[in-house]
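Enquirer: One structure follows; several queries about it will come next.
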Amino acid sequence: MEIYVTDLHGVEHVLEAVEGWRVMEIIREHGLPIKAECGGACACATCHVYVDPDWLDALPRMSDEEEEMLDGAFDQEDTSRLSCQLIMTARLNGLRLTLARAEADA
Ligand code: FES
């Protein structure tokens with residue numbers, strides 16, 4: 001399985017993905033810059049990503065906690081999700097997303 005992740009410089013990376021892992025963990029494991037400060041507890045929003053609109057419907061619904069945390073995230077968009085709340089499944093094979101900046105000067 002693979003996911004396609006575009007970094008802050010607009011470069012797309014093809015990452016091998018493991019079922020059951022959080023998308024945040026997959027991004028981190030491959031060495032792409034993602035802070036994920038809270039380690040996946042839905043408490044920091046530094047694992048913020050923009051999901052390709054074609055993939056939004058394939059994702060699990062947002063929990064209230066994720067929605068609240070995203071409300072405070074920098075540059076939130078309609079396609080925003082927290083990548084620690086997305087668990088890799090076969091259905092998400094080929095998922096495309098873009099890393100979000102954590103702050104204005106990042
Ligand atoms: S890693 Fe902190 S909210 Fe996802």
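Going by the structure tokens order, chains are called A, B, ..., each with residues numbered from 1, while ligands are numbered from 1 in the order shown.
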Within 7 Å of Arg96 (chain A), counting only C-alpha atoms, which residues show up once you throw out same-chain ones fewer than 4 positions away? Write them as a PyMOL selection string, please.

Expert: chain A and resi 3-5+51-52

Enquirer: Would you mind exporting the chosen residues as a short mmCIF file (atom, residue, chain, number, x, y, z; two decimals), in the first residue's frame, restricted to N, CA and C atoms?

Expert:
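Result saved to part-v5.cif:
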```cif
data_model
loop_
_atom_site.label_atom_id
_atom_site.label_comp_id
_atom_site.auth_asym_id
_atom_site.auth_seq_id
_atom_site.Cartn_x
_atom_site.Cartn_y
_atom_site.Cartn_z
N ILE A 3 0.84 5.78 0.12
CA ILE A 3 0.16 7.07 0.17
C ILE A 3 1.09 8.09 -0.49
N TYR A 4 0.49 9.17 -0.97
CA TYR A 4 1.24 10.21 -1.68
C TYR A 4 1.17 11.49 -0.84
N VAL A 5 2.33 11.95 -0.44
CA VAL A 5 2.37 13.09 0.48
C VAL A 5 3.18 14.22 -0.16
N VAL A 51 -6.23 16.99 2.83
CA VAL A 51 -6.51 15.77 2.09
C VAL A 51 -7.01 16.14 0.69
N ASP A 52 -6.53 15.43 -0.31
CA ASP A 52 -7.02 15.63 -1.68
C ASP A 52 -8.55 15.49 -1.67
#
```

Enquirer: Counting only C-alpha atoms and all ligand atoms, which protein, DNA or RNA residues come within 8 Å of ligand 1, given as a PyMOL selection string?

Expert: chain A and resi 24+35-48+66+69+82-85

Enquirer: So which residues of chain A fall under alpha helix (DSSP H) by DSSP, listed as a count of residues only?

Expert: 15

Enquirer: Which residues, written as an MDAnalysis selection string, have at least one atom at most 9 Å from region 60-63 of chain A, with only C-alpha atoms counted and residues fewer than 5 positions away on the same chain left out?

Expert: chainID A and resid 68 81 85:87

Enquirer: Between A:Phe74, A:Gly31, A:Ala102, A:Met1, which one has atoms that come closest to Val18 (chain A), using only C-alpha atoms?

Expert: A:Met1

Enquirer: Could you please determine the separation between CA of Gly94 (chain A) and CA of Tyr50 (chain A) in Å, to one decimal place?

Expert: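 CA of Gly94 (chain A) sits 14.7 Å away from CA of Tyr50 (chain A).
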
Enquirer: Let's see if you can do this: from backbone DSSP, list all strand (DSSP E or B) residues in chain A, as an MDAnalysis selection string.

Expert: chainID A and resid 2:6 12:16 22 48:51 80:82 87 96:99

Enquirer: Which polymer residues have any atom within 8 Å of an atom of Ile27 (chain A), counting only C-alpha atoms, with same-chain residues fewer than 5 positions away left out, as a compact mmCIF listing (two decimals) with N, CA and C atoms, in the first residue's frame?

Expert:
```txt
# COMPACT_ATOMS: atom_id res chain seq x y z
N VAL A 5 2.33 11.95 -0.44
CA VAL A 5 2.37 13.09 0.48
C VAL A 5 3.18 14.22 -0.16
N LEU A 15 4.99 7.13 -0.20
CA LEU A 15 5.37 6.47 1.05
C LEU A 15 4.70 5.11 1.14
N LEU A 32 9.61 12.64 6.87
CA LEU A 32 9.09 13.94 6.42
C LEU A 32 8.79 14.80 7.65
N PRO A 33 8.89 16.13 7.47
CA PRO A 33 8.74 17.00 8.64
C PRO A 33 7.29 17.10 9.10
N ILE A 34 7.00 16.45 10.18
CA ILE A 34 5.68 16.58 10.80
C ILE A 34 5.94 16.56 12.30
```

Enquirer: What does the structure give for the distance between CA of Glu2 (chain A) and CA of Pro53 (chain A), in Å to one decimal?

Expert: 17.6 Å

Enquirer: Measuring between only C-alpha atoms, which one of A:Leu97, A:Val49, A:Leu8, A:Met88 shows the shortest distance to Leu70 (chain A)?

Expert: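 Under the stated criterion, the closest residue is A:Val49.
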
Enquirer: Taking only C-alpha atoms into account, which of A:Asp57, A:Glu77, A:Glu16, A:Glu67 comes nearest His30 (chain A)?

Expert: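 Distance minimum relative to His30 (chain A) lands on A:Glu16.
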
Enquirer: Just to confirm, what's the straight-line distance from CA of Leu59 (chain A) to CA of Leu92 (chain A) in Å (one decimal)?

Expert: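 CA of Leu92 (chain A) lies 7.7 Å from CA of Leu59 (chain A).
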
Enquirer: Skip Glu19 (chain A) itself and residues of its chain fewer than 2 positions away, then list as a VMD selection string all residues within 7 Å of it, counting only C-alpha atoms.

Expert: chain A and resid 17 21 88 to 90
